[in-house]
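Below is the file entry24.tsv, which contains TSV, C-alpha atoms.
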chain	number	residue	atom	x	y	z
H	129	MET	CA	64.94	-59.07	69.06
H	130	GLY	CA	65.87	-58.46	65.43
H	131	THR	CA	65.27	-55.30	63.45
H	132	GLY	CA	64.85	-54.69	59.74
H	133	LEU	CA	67.36	-53.02	57.46
H	134	LYS	CA	66.90	-49.24	57.27
H	135	ILE	CA	68.54	-47.41	54.38
H	136	GLY	CA	67.48	-43.79	54.66
H	137	ASP	CA	63.72	-43.71	54.11
H	138	LEU	CA	63.66	-47.33	52.87
H	139	GLU	CA	63.15	-50.23	55.24
H	140	ALA	CA	63.30	-53.94	54.55
H	141	ARG	CA	61.47	-55.98	57.20
H	142	ILE	CA	64.12	-58.72	57.03
H	143	PRO	CA	67.77	-57.51	56.78
H	144	VAL	CA	68.56	-59.63	53.71
H	145	ILE	CA	69.66	-58.37	50.32
H	146	GLN	CA	69.53	-60.92	47.52
H	147	GLY	CA	72.85	-60.65	45.72
H	148	GLY	CA	73.04	-59.76	42.03
H	149	MET	CA	73.93	-62.72	39.80
H	150	GLY	CA	74.76	-61.86	36.22
H	151	VAL	CA	73.59	-62.98	32.82
H	152	GLY	CA	70.11	-64.20	33.54
H	153	ILE	CA	70.34	-65.64	37.05
H	154	SER	CA	68.87	-62.82	39.16
H	155	LEU	CA	66.20	-61.10	37.11
H	156	SER	CA	62.67	-59.87	37.86
H	157	ARG	CA	61.13	-63.07	39.19
H	158	LEU	CA	63.76	-63.74	41.85
H	159	ALA	CA	64.28	-60.09	42.82
H	160	GLY	CA	60.55	-59.37	42.93
H	161	THR	CA	59.81	-62.42	45.08
H	162	VAL	CA	62.59	-61.64	47.59
H	163	ALA	CA	61.27	-58.05	47.85
H	164	ALA	CA	57.68	-59.29	48.30
H	165	ASN	CA	58.88	-61.49	51.18
H	166	GLY	CA	60.49	-58.68	53.17
H	167	GLY	CA	64.02	-58.48	51.73
H	168	ILE	CA	65.70	-56.38	49.04
H	169	GLY	CA	65.64	-57.87	45.55
H	170	ILE	CA	68.54	-57.15	43.21
H	171	ILE	CA	68.61	-57.55	39.43
H	172	SER	CA	72.04	-57.90	37.81
H	173	THR	CA	72.58	-55.71	34.75
H	174	ALA	CA	75.39	-57.92	33.40
H	175	GLN	CA	74.29	-58.75	29.84
H	176	ILE	CA	70.69	-58.54	31.05
H	177	GLY	CA	69.41	-58.20	27.46
H	178	TRP	CA	70.72	-61.56	26.21
H	179	ARG	CA	67.18	-62.67	25.32
H	180	GLU	CA	66.39	-59.49	23.36
H	181	PRO	CA	66.19	-60.15	19.58
H	182	ASP	CA	68.84	-57.53	18.73
H	183	PHE	CA	71.33	-58.45	21.50
H	184	TYR	CA	73.90	-59.81	19.02
H	185	GLN	CA	73.89	-56.61	16.95
H	186	ASN	CA	73.14	-54.01	19.65
H	187	PRO	CA	74.14	-55.40	23.08
H	188	PHE	CA	74.04	-52.02	24.87
H	189	GLU	CA	70.61	-50.97	23.62
H	190	ALA	CA	69.26	-54.48	24.31
H	191	ASN	CA	70.63	-54.32	27.86
H	192	TYR	CA	69.21	-50.86	28.63
H	193	ARG	CA	65.79	-51.92	27.30
H	194	ALA	CA	65.86	-55.14	29.33
H	195	MET	CA	66.79	-53.24	32.51
H	196	LYS	CA	63.58	-51.21	32.27
H	197	LYS	CA	61.48	-54.27	31.45
H	198	GLU	CA	62.93	-56.38	34.27
H	199	LEU	CA	62.59	-53.65	36.92
H	200	ALA	CA	58.96	-53.03	35.91
H	201	ALA	CA	58.26	-56.79	36.06
H	202	ALA	CA	59.96	-57.05	39.49
H	203	ARG	CA	57.83	-54.18	40.79
H	204	GLU	CA	54.68	-56.07	39.75
H	205	ILE	CA	55.76	-59.02	41.92
H	206	ALA	CA	57.36	-57.03	44.77
H	207	ASP	CA	54.10	-55.75	46.26
H	208	GLY	CA	55.68	-52.47	47.32
H	209	GLY	CA	58.99	-54.10	48.35
H	210	ILE	CA	62.48	-52.74	47.60
H	211	VAL	CA	64.11	-53.57	44.26
H	212	GLY	CA	67.25	-52.35	42.55
H	213	PHE	CA	70.28	-53.20	40.45
H	214	ASN	CA	73.80	-54.53	40.80
H	215	ILE	CA	76.01	-52.75	38.24
H	216	MET	CA	79.68	-53.71	37.86
H	217	VAL	CA	82.10	-50.79	37.63
H	218	ALA	CA	84.14	-52.79	35.09
H	219	THR	CA	81.16	-52.82	32.71
H	220	GLN	CA	81.75	-50.97	29.45
H	221	ARG	CA	79.60	-47.78	29.39
H	222	TYR	CA	79.11	-48.01	33.15
H	223	GLU	CA	77.75	-44.46	33.28
H	224	GLU	CA	74.94	-45.32	30.84
H	225	TYR	CA	73.92	-48.38	32.86
H	226	VAL	CA	73.72	-46.29	36.05
H	227	LYS	CA	71.71	-43.55	34.35
H	228	THR	CA	69.35	-46.16	32.88
H	229	ALA	CA	68.85	-47.63	36.38
H	230	VAL	CA	67.98	-44.17	37.72
H	231	GLU	CA	65.61	-43.55	34.79
H	232	ALA	CA	63.94	-46.91	35.39
H	233	GLY	CA	63.25	-45.89	39.01
H	234	ALA	CA	65.50	-48.30	40.93
H	235	ASP	CA	65.35	-48.00	44.73
H	236	VAL	CA	69.01	-49.00	45.17
H	237	ILE	CA	72.18	-49.46	43.14
H	238	ILE	CA	74.96	-51.71	44.44
H	239	SER	CA	78.26	-51.40	42.60
H	240	GLY	CA	81.47	-53.44	42.76
H	241	ALA	CA	84.08	-55.08	40.46
H	242	GLY	CA	86.13	-51.90	40.82
H	243	LEU	CA	85.60	-48.76	42.90
H	244	PRO	CA	82.49	-46.77	41.86
H	245	VAL	CA	84.31	-43.44	42.07
H	246	ASP	CA	81.78	-41.43	40.04
H	247	LEU	CA	78.57	-43.16	41.12
H	248	PRO	CA	77.41	-40.02	43.03
H	249	LYS	CA	77.78	-37.93	39.85
H	250	TYR	CA	75.73	-40.35	37.74
H	251	THR	CA	72.92	-40.55	40.33
H	252	GLU	CA	72.87	-36.86	41.34
H	253	GLY	CA	69.41	-35.41	41.85
H	254	SER	CA	67.71	-38.82	42.14
H	255	PHE	CA	66.29	-40.66	45.14
H	256	VAL	CA	68.20	-43.89	44.43
H	257	LYS	CA	70.26	-45.23	47.35
H	258	ILE	CA	73.86	-46.10	46.41
H	259	ALA	CA	76.30	-48.60	47.89
H	260	PRO	CA	79.85	-49.60	47.00
H	261	ILE	CA	81.06	-53.18	47.41
H	262	VAL	CA	84.36	-53.20	49.33
H	263	SER	CA	86.61	-55.96	50.63
H	264	SER	CA	89.07	-54.03	52.81
H	265	VAL	CA	89.32	-50.96	55.05
H	266	LYS	CA	91.76	-49.53	52.48
H	267	SER	CA	89.29	-49.73	49.57
H	268	LEU	CA	86.55	-48.20	51.76
H	269	ASN	CA	88.83	-45.31	52.78
H	270	VAL	CA	90.03	-44.61	49.25
H	271	LEU	CA	86.49	-44.54	47.89
H	272	ILE	CA	84.82	-42.49	50.63
H	273	ARG	CA	87.60	-39.91	50.68
H	274	MET	CA	87.14	-39.45	46.93
H	275	TRP	CA	83.36	-39.13	47.34
H	276	GLU	CA	83.88	-36.58	50.14
H	277	ARG	CA	86.34	-34.52	48.12
H	278	LYS	CA	84.63	-34.65	44.73
H	279	TYR	CA	80.94	-34.81	45.62
H	280	ASN	CA	80.55	-34.08	49.36
H	281	ARG	CA	78.66	-37.39	49.45
H	282	TYR	CA	78.66	-40.56	51.57
H	283	PRO	CA	77.29	-44.01	50.72
H	284	ASP	CA	73.71	-44.79	51.73
H	285	PHE	CA	74.95	-48.24	52.77
H	286	VAL	CA	78.08	-50.37	52.32
H	287	VAL	CA	78.38	-53.99	51.19
H	288	ILE	CA	81.42	-55.98	52.37
H	289	GLU	CA	82.11	-58.90	50.04
H	290	GLY	CA	84.39	-61.58	51.46
H	291	PRO	CA	86.46	-64.26	49.68
H	292	SER	CA	83.73	-66.95	49.97
H	293	ALA	CA	81.52	-65.20	47.40
H	294	GLY	CA	80.65	-66.48	43.94
H	295	GLY	CA	81.50	-65.22	40.48
H	296	HIS	CA	84.28	-62.68	40.01
H	297	LEU	CA	86.20	-61.97	43.21
H	298	GLY	CA	88.12	-58.92	44.40
H	299	PHE	CA	90.99	-60.97	45.82
H	300	SER	CA	94.24	-62.40	44.45
H	301	LEU	CA	94.61	-66.13	43.91
H	302	GLU	CA	97.03	-66.27	46.85
H	303	GLU	CA	94.55	-64.52	49.17
H	304	LEU	CA	91.83	-66.96	48.15
H	305	GLU	CA	94.06	-69.99	48.74
H	306	THR	CA	95.14	-68.86	52.21
H	307	PHE	CA	91.78	-67.48	53.34
H	308	THR	CA	90.39	-68.40	56.76
H	309	GLN	CA	87.27	-66.90	58.32
H	310	GLU	CA	88.70	-65.71	61.63
H	311	PRO	CA	91.18	-63.13	60.29
H	312	TYR	CA	88.58	-61.92	57.79
H	313	ASP	CA	86.13	-61.38	60.66
H	314	GLN	CA	88.66	-58.81	61.91
H	315	VAL	CA	88.61	-57.14	58.48
H	316	ILE	CA	84.78	-57.00	58.66
H	317	ARG	CA	84.93	-55.44	62.12
H	318	GLY	CA	87.47	-52.92	60.83
H	319	ILE	CA	85.29	-51.90	57.87
H	320	ILE	CA	82.23	-51.61	60.13
H	321	GLY	CA	84.15	-49.45	62.63
H	322	LYS	CA	85.48	-47.17	59.89
H	323	THR	CA	82.01	-46.87	58.32
H	324	ARG	CA	80.60	-45.80	61.71
H	325	GLU	CA	83.20	-43.00	61.80
H	326	TYR	CA	82.10	-41.80	58.37
H	327	ALA	CA	78.44	-42.04	59.46
H	328	LYS	CA	79.17	-39.53	62.23
H	329	LYS	CA	80.64	-37.15	59.67
H	330	ALA	CA	77.64	-37.70	57.41
H	331	GLY	CA	75.27	-37.06	60.31
H	332	ARG	CA	73.21	-40.16	59.50
H	333	GLU	CA	73.29	-43.95	59.68
H	334	ILE	CA	75.29	-45.85	57.04
H	335	PRO	CA	74.25	-49.51	57.39
H	336	VAL	CA	76.81	-52.21	56.62
H	337	VAL	CA	75.83	-55.47	54.92
H	338	VAL	CA	78.08	-58.56	54.87
H	339	ALA	CA	78.21	-60.73	51.72
H	340	GLY	CA	80.11	-63.84	50.65
H	341	GLY	CA	79.46	-67.25	52.16
H	342	ILE	CA	76.15	-66.35	53.87
H	343	PHE	CA	74.04	-69.46	53.33
H	344	ASP	CA	71.74	-69.97	56.30
H	345	GLY	CA	70.44	-68.43	59.51
H	346	GLU	CA	73.56	-69.36	61.48
H	347	ASP	CA	75.80	-67.59	58.96
H	348	MET	CA	73.54	-64.57	59.28
H	349	LYS	CA	73.74	-64.57	63.08
H	350	HIS	CA	77.54	-64.72	62.86
H	351	ALA	CA	77.67	-61.69	60.52
H	352	LEU	CA	75.27	-59.72	62.72
H	353	SER	CA	77.34	-60.61	65.82
H	354	LEU	CA	80.30	-58.83	64.17
H	355	GLY	CA	78.21	-55.65	64.08
H	356	ALA	CA	76.71	-55.89	60.59
H	357	ASP	CA	73.23	-54.47	59.98
H	358	GLY	CA	72.28	-57.08	57.40
H	359	VAL	CA	73.52	-59.75	55.01
H	360	GLN	CA	73.62	-60.27	51.27
H	361	VAL	CA	72.79	-63.78	50.05
H	362	ALA	CA	73.13	-65.06	46.48
H	363	THR	CA	73.99	-68.77	46.08
H	364	ARG	CA	71.18	-69.97	48.35
H	365	PHE	CA	68.61	-68.33	46.09
H	366	VAL	CA	69.80	-70.09	42.92
H	367	THR	CA	68.07	-73.35	43.82
H	368	THR	CA	64.66	-71.75	44.33
H	369	GLU	CA	61.56	-72.20	42.22
H	370	GLU	CA	61.59	-68.47	41.59
H	371	CYS	CA	65.20	-68.12	40.41
H	372	ASP	CA	65.37	-67.01	36.78
H	373	ALA	CA	68.08	-69.58	35.82
H	374	ALA	CA	67.40	-72.69	33.70
H	375	PRO	CA	66.46	-75.88	35.63
H	376	ALA	CA	69.73	-77.54	34.49
H	377	TYR	CA	71.74	-74.73	36.11
H	378	LYS	CA	69.94	-75.25	39.42
H	379	GLU	CA	70.46	-79.00	39.11
H	380	ALA	CA	74.22	-78.47	38.73
H	381	TYR	CA	74.26	-76.77	42.14
H	382	ILE	CA	72.25	-79.58	43.74
H	383	LYS	CA	74.60	-82.23	42.31
H	384	ALA	CA	77.83	-80.37	43.17
H	385	LYS	CA	80.09	-81.75	45.88
H	386	LYS	CA	82.42	-79.62	47.97
H	387	GLU	CA	85.44	-80.71	45.91
H	388	ASP	CA	83.72	-79.65	42.66
H	389	ILE	CA	83.87	-75.97	43.63
H	390	CYS	CA	87.01	-74.35	42.29
H	391	ILE	CA	88.74	-71.05	41.55
H	392	VAL	CA	89.11	-70.26	37.85
H	393	LYS	CA	90.90	-67.47	36.03
H	394	SER	CA	88.24	-65.53	34.19
H	395	PRO	CA	89.02	-64.21	30.69
H	396	VAL	CA	88.46	-60.69	32.04
H	397	GLY	CA	91.51	-61.03	34.30
H	398	MET	CA	89.90	-61.65	37.70
H	399	PRO	CA	89.75	-64.90	39.66
H	400	GLY	CA	86.26	-66.37	39.92
H	401	ARG	CA	84.55	-69.22	41.76
H	402	ALA	CA	82.67	-71.83	39.75
H	403	ILE	CA	81.56	-75.46	39.61
H	404	HIS	CA	84.20	-77.59	37.92
H	405	ASN	CA	82.90	-79.07	34.67
H	406	ALA	CA	83.96	-80.24	31.19
H	407	PHE	CA	83.95	-76.67	29.89
H	408	ILE	CA	86.60	-75.58	32.42
H	409	ASP	CA	88.79	-78.57	31.47
H	410	LYS	CA	88.40	-77.80	27.77
H	411	THR	CA	89.26	-74.11	28.08
H	412	GLN	CA	92.38	-74.91	30.10
H	413	LYS	CA	93.68	-77.04	27.22
H	414	GLU	CA	92.61	-75.08	24.17
H	415	LYS	CA	91.60	-71.57	23.16
H	416	CYS	CA	88.05	-71.22	21.85
H	417	ARG	CA	87.59	-69.12	18.72
H	418	ILE	CA	85.97	-65.80	19.64
H	419	LYS	CA	83.27	-65.36	17.00
H	420	HIS	CA	81.79	-62.14	18.33
H	421	CYS	CA	82.56	-59.50	20.97
H	422	TYR	CA	79.65	-58.32	23.13
H	423	HIS	CA	81.65	-55.43	24.69
H	424	CYS	CA	80.89	-56.47	28.27
H	425	ILE	CA	83.91	-55.80	30.50
H	426	THR	CA	86.56	-53.09	30.10
H	427	THR	CA	89.42	-55.42	31.13
H	428	CYS	CA	88.75	-57.97	28.36
H	429	ASP	CA	91.01	-58.23	25.30
H	430	PRO	CA	89.23	-60.41	22.67
H	431	ALA	CA	92.55	-61.15	20.91
H	432	LYS	CA	94.03	-62.80	24.00
H	433	ILE	CA	91.17	-64.48	25.90
H	434	PRO	CA	90.67	-68.29	25.98
H	435	TYR	CA	86.87	-67.96	25.63
H	436	CYS	CA	84.09	-65.35	25.64
H	437	ILE	CA	82.75	-64.86	29.17
H	438	THR	CA	79.40	-63.53	27.91
H	439	GLN	CA	78.80	-66.58	25.73
H	440	ALA	CA	79.85	-68.96	28.52
H	441	LEU	CA	77.47	-67.30	31.01
H	442	VAL	CA	74.58	-67.09	28.52
H	443	ASN	CA	75.06	-70.83	27.95
H	444	ALA	CA	74.87	-71.34	31.72
H	445	ALA	CA	71.63	-69.34	32.02
H	446	GLU	CA	70.16	-71.37	29.15
H	447	GLY	CA	71.22	-74.68	30.72
H	448	LYS	CA	73.82	-75.68	28.06
H	449	LEU	CA	76.11	-76.91	30.80
H	450	ASP	CA	78.87	-78.51	28.74
H	451	GLN	CA	79.52	-75.12	27.08
H	452	ALA	CA	79.00	-73.07	30.24
H	453	LEU	CA	80.86	-71.39	33.06
H	454	LEU	CA	78.83	-72.14	36.21
H	455	PHE	CA	79.63	-69.37	38.66
H	456	CYS	CA	78.75	-70.15	42.30
H	457	GLY	CA	79.57	-69.26	45.89
H	458	GLU	CA	81.75	-71.39	48.18
H	459	ASN	CA	78.66	-73.02	49.74
H	460	ALA	CA	76.95	-74.14	46.51
H	461	TYR	CA	77.49	-77.79	47.55
H	462	ARG	CA	75.15	-77.16	50.50
H	463	CYS	CA	72.22	-76.68	48.08
H	464	ASP	CA	70.45	-80.05	48.15
H	465	LYS	CA	66.91	-79.31	46.94
H	466	ILE	CA	64.69	-76.82	45.14
H	467	GLU	CA	63.22	-74.43	47.72
H	468	LYS	CA	60.77	-71.54	47.81
H	469	VAL	CA	62.04	-68.01	48.40
H	470	LYS	CA	59.34	-67.56	51.05
H	471	ASN	CA	60.74	-70.42	53.18
H	472	ILE	CA	64.32	-69.13	52.93
H	473	MET	CA	63.25	-65.65	53.94
H	474	GLU	CA	61.31	-67.08	56.91
H	475	GLU	CA	64.47	-68.93	58.01
H	476	PHE	CA	66.48	-65.69	57.91
H	477	ASP	CA	63.69	-63.84	59.70
H	478	ARG	CA	63.77	-66.40	62.55
H	479	ALA	CA	67.57	-66.08	62.82
H	480	ASN	CA	67.23	-62.29	62.95
H	481	GLN	CA	64.59	-62.51	65.72
H	482	GLU	CA	66.74	-64.94	67.76
H	483	ARG	CA	69.92	-62.86	67.81
Could you take the file, read its structure, and then write that structure out as structure tokens?
Amino acid sequence: MGTGLKIGDLEARIPVIQGGMGVGISLSRLAGTVAANGGIGIISTAQIGWREPDFYQNPFEANYRAMKKELAAAREIADGGIVGFNIMVATQRYEEYVKTAVEAGADVIISGAGLPVDLPKYTEGSFVKIAPIVSSVKSLNVLIRMWERKYNRYPDFVVIEGPSAGGHLGFSLEELETFTQEPYDQVIRGIIGKTREYAKKAGREIPVVVAGGIFDGEDMKHALSLGADGVQVATRFVTTEECDAAPAYKEAYIKAKKEDICIVKSPVGMPGRAIHNAFIDKTQKEKCRIKHCYHCITTCDPAKIPYCITQALVNAAEGKLDQALLFCGENAYRCDKIEKVKNIMEEFDRANQER
């Protein structure tokens, strides 16, 4: 008999977090609908204000404003469900994004793309639940020891993101090329075991959620069998009626074959997973002229990059596919139709009840 996902005084009926997908893919409509159907809906803050009229001139102000608008809109849909933000540590002015999320009244903040060392400081005095994204026992240990020492604080929950995830990945190219599930299952067990030790020290539960490659109920059952308390799912939600992406973006997932999914080197210095298209071919041969810097990621050097990641992802969200980077998870080729969030959540609920 399955249980929900309890994070302190919050409880999701179905232990599914919808993963944050940047630049216009997971906004209020998707996050609100997942929350309304018993899961946890997550809005990505990555260039969230791209539709604001002053985004070109004032990207930070546009993003902070859009965060508040999108969370309020998600709450309208969520019917009392849990909604929050995914904020990348590598984001320029990370502290301001976190403080804006707290101000907006987010229930949860999930933070990866680097170790969120000072997340407790930026959320101090608020009720928001915080979670780091980790990929190894080592990164978990480093982070929690720092939180213990500096802030006497433990995570409210932990997200483990494996190498099958979409978008930017916390693994080297070599690790991604040699990855197999079985050894990584041992890594997951190790992180869960270590988190349980920290939970004893904290004197409370610290749930662990597995992300990366979770597509259907069977994948969920496998993650739960390793000892996880829940799963985070992103790619599967792209091809839903309620996803905030352009129809052409969703169509690219539906048309993609297994061999179309590739690892690319992102301009911000991390490997990423995407659907192979003409844009990837073009940027491998020639450098695009960078017309404008949107100050998105700290690791980006506009003088050296082959193209602007913000512009490529905005183009994706708008459906301009031949000028777009189409980030996706390893299982994007398994998307074969437009679905409703409600039906996907019911599938995960059944899997949870059967385990």
Using all atoms listed in the file, what does the table of region 348-463 of chain H residues within 8 Å of region 144-159 of chain H look like, with each row giving the shortest atom pair and its distance in Å to one decimal, sorted by chain and ascending number, as a tab-separated table?
residue	atom	partner	partner_atom	distance
H:Gly358	CA	H:Val144	CA	5.8
H:Val359	CA	H:Val144	CA	5.1
H:Gln360	CA	H:Ile145	CA	4.5
H:Val361	CA	H:Gln146	CA	5.0
H:Ala362	CA	H:Gly147	CA	4.5
H:Phe365	CA	H:Gln146	CA	7.6
H:Val366	CA	H:Ile153	CA	7.4
H:Glu370	CA	H:Leu158	CA	5.2
H:Cys371	CA	H:Leu158	CA	4.8
H:Asp372	CA	H:Ile153	CA	5.2
H:Ala373	CA	H:Ile153	CA	4.7
H:Thr438	CA	H:Val151	CA	7.6
H:Leu441	CA	H:Val151	CA	6.1
H:Val442	CA	H:Val151	CA	6.0
H:Ala445	CA	H:Gly152	CA	5.6
Task: Best match for closeness to Ala218 (chain H) among H:Gly166, H:Gly295, H:Gly331, H:Gly242, counting only C-alpha atoms - done: H:Gly242
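Around region 160-162 of chain H, within 8 Å and counting only C-alpha atoms, the residues found are Gln146, Ile168, Gly169, Ala201, Ala202, Arg203, Glu204, Ile205, Ala206, Gly209, Val211, Glu370, Val469, Lys470 and Met473 of chain H, once anything fewer than 6 positions away on its own chain is removed.
Going from CA of Glu458 (chain H) to CA of Leu301 (chain H) covers 14.5 Å.
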Select from region 347-419 of chain H every residue with an atom at most 12 Å from any atom of region 306-329 of chain H, then for each give the shortest pair of atoms and their distance in Å to one decimal, using all atoms listed in the file, rows by chain and rising number, as JSON lines.
{"residue": "H:Asp347", "atom": "CA", "partner": "H:Gln309", "partner_atom": "CA", "distance": 11.5}
{"residue": "H:His350", "atom": "CA", "partner": "H:Asp313", "partner_atom": "CA", "distance": 9.5}
{"residue": "H:Ala351", "atom": "CA", "partner": "H:Asp313", "partner_atom": "CA", "distance": 8.5}
{"residue": "H:Leu352", "atom": "CA", "partner": "H:Arg317", "partner_atom": "CA", "distance": 10.6}
{"residue": "H:Ser353", "atom": "CA", "partner": "H:Arg317", "partner_atom": "CA", "distance": 9.9}
{"residue": "H:Leu354", "atom": "CA", "partner": "H:Arg317", "partner_atom": "CA", "distance": 6.1}
{"residue": "H:Gly355", "atom": "CA", "partner": "H:Ile320", "partner_atom": "CA", "distance": 6.9}
{"residue": "H:Ala356", "atom": "CA", "partner": "H:Ile320", "partner_atom": "CA", "distance": 7.0}
{"residue": "H:Asp357", "atom": "CA", "partner": "H:Ile320", "partner_atom": "CA", "distance": 9.4}
{"residue": "H:Gly358", "atom": "CA", "partner": "H:Ile320", "partner_atom": "CA", "distance": 11.7}
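The closest residue to Tyr279 (chain H), picked from H:Lys385, H:Lys257, H:Lys249, H:His296 and counting all atoms listed in the file, is H:Lys249.
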Cut-off 10 Å: closest region 223-327 of chain H/region 388-406 of chain H atom pairs per residue, using all atoms listed in the file, as CSV:
residue,atom,partner,partner_atom,distance
H:Ala241,CA,H:Met398,CA,9.2
H:Pro291,CA,H:Arg401,CA,9.5
H:Ser292,CA,H:Arg401,CA,8.6
H:Ala293,CA,H:Arg401,CA,7.6
H:Gly294,CA,H:Arg401,CA,5.2
H:Gly295,CA,H:Gly400,CA,4.9
H:His296,CA,H:Gly400,CA,4.2
H:Leu297,CA,H:Gly400,CA,5.5
H:Gly298,CA,H:Met398,CA,7.5
H:Phe299,CA,H:Pro399,CA,7.4
H:Ser300,CA,H:Pro399,CA,7.0
H:Leu301,CA,H:Pro399,CA,6.6
H:Leu304,CA,H:Ile391,CA,8.4
H:Glu305,CA,H:Ile391,CA,9.0
Task: Contact residues around region 189-193 of chain H with only C-alpha atoms at 9 Å, ignoring same-chain residues under 5 positions, as a list in words - done: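 Returned residues: Thr173, Ala174, Gln175, Ile176, Gly177, Trp178, Arg179, Glu180, Pro181, Asp182, Phe183, Tyr184, Glu198, Glu224, Tyr225, Thr228 and Ala229 of chain H.
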- [ ] Tell me, as a PyMOL selection string, which residues lie within 7 Å of Tyr461 (chain H), counting only C-alpha atoms; anything in the same chain fewer than 6 positions away does not count.
- [x] chain H and resi 381-382+384-386
- [ ] Choose the residue, out of H:Asp137, H:Arg277, H:Thr426, H:Lys419, that has the smallest atom-to-atom separation from Met216 (chain H); count all atoms listed in the file.
- [x] H:Thr426
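Between CA of Val245 (chain H) and CA of Ala194 (chain H) the interatomic distance comes to 25.3 Å.
Minimum atom-to-atom distances from H:Gln439, H:Ser254, H:Asn214, H:Asn459 to Ser172 (chain H) were compared using all atoms listed in the file, and the lowest value belongs to H:Asn214.
Checking H:Ile258, H:Ile238, H:Leu454, H:Ile142 one by one against Asp284 (chain H), counting all atoms listed in the file, you find the shortest gap at H:Ile258.
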- [ ] Take CA of Gly208 (chain H) and CA of Ile170 (chain H) and report the distance between them in Å, one decimal.
- [x] 14.3 Å
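You can rank H:Ile171, H:Leu133, H:Cys416, H:Ala479 by their closest distance to Ile334 (chain H) using only C-alpha atoms, and at the top of that list sits H:Leu133.
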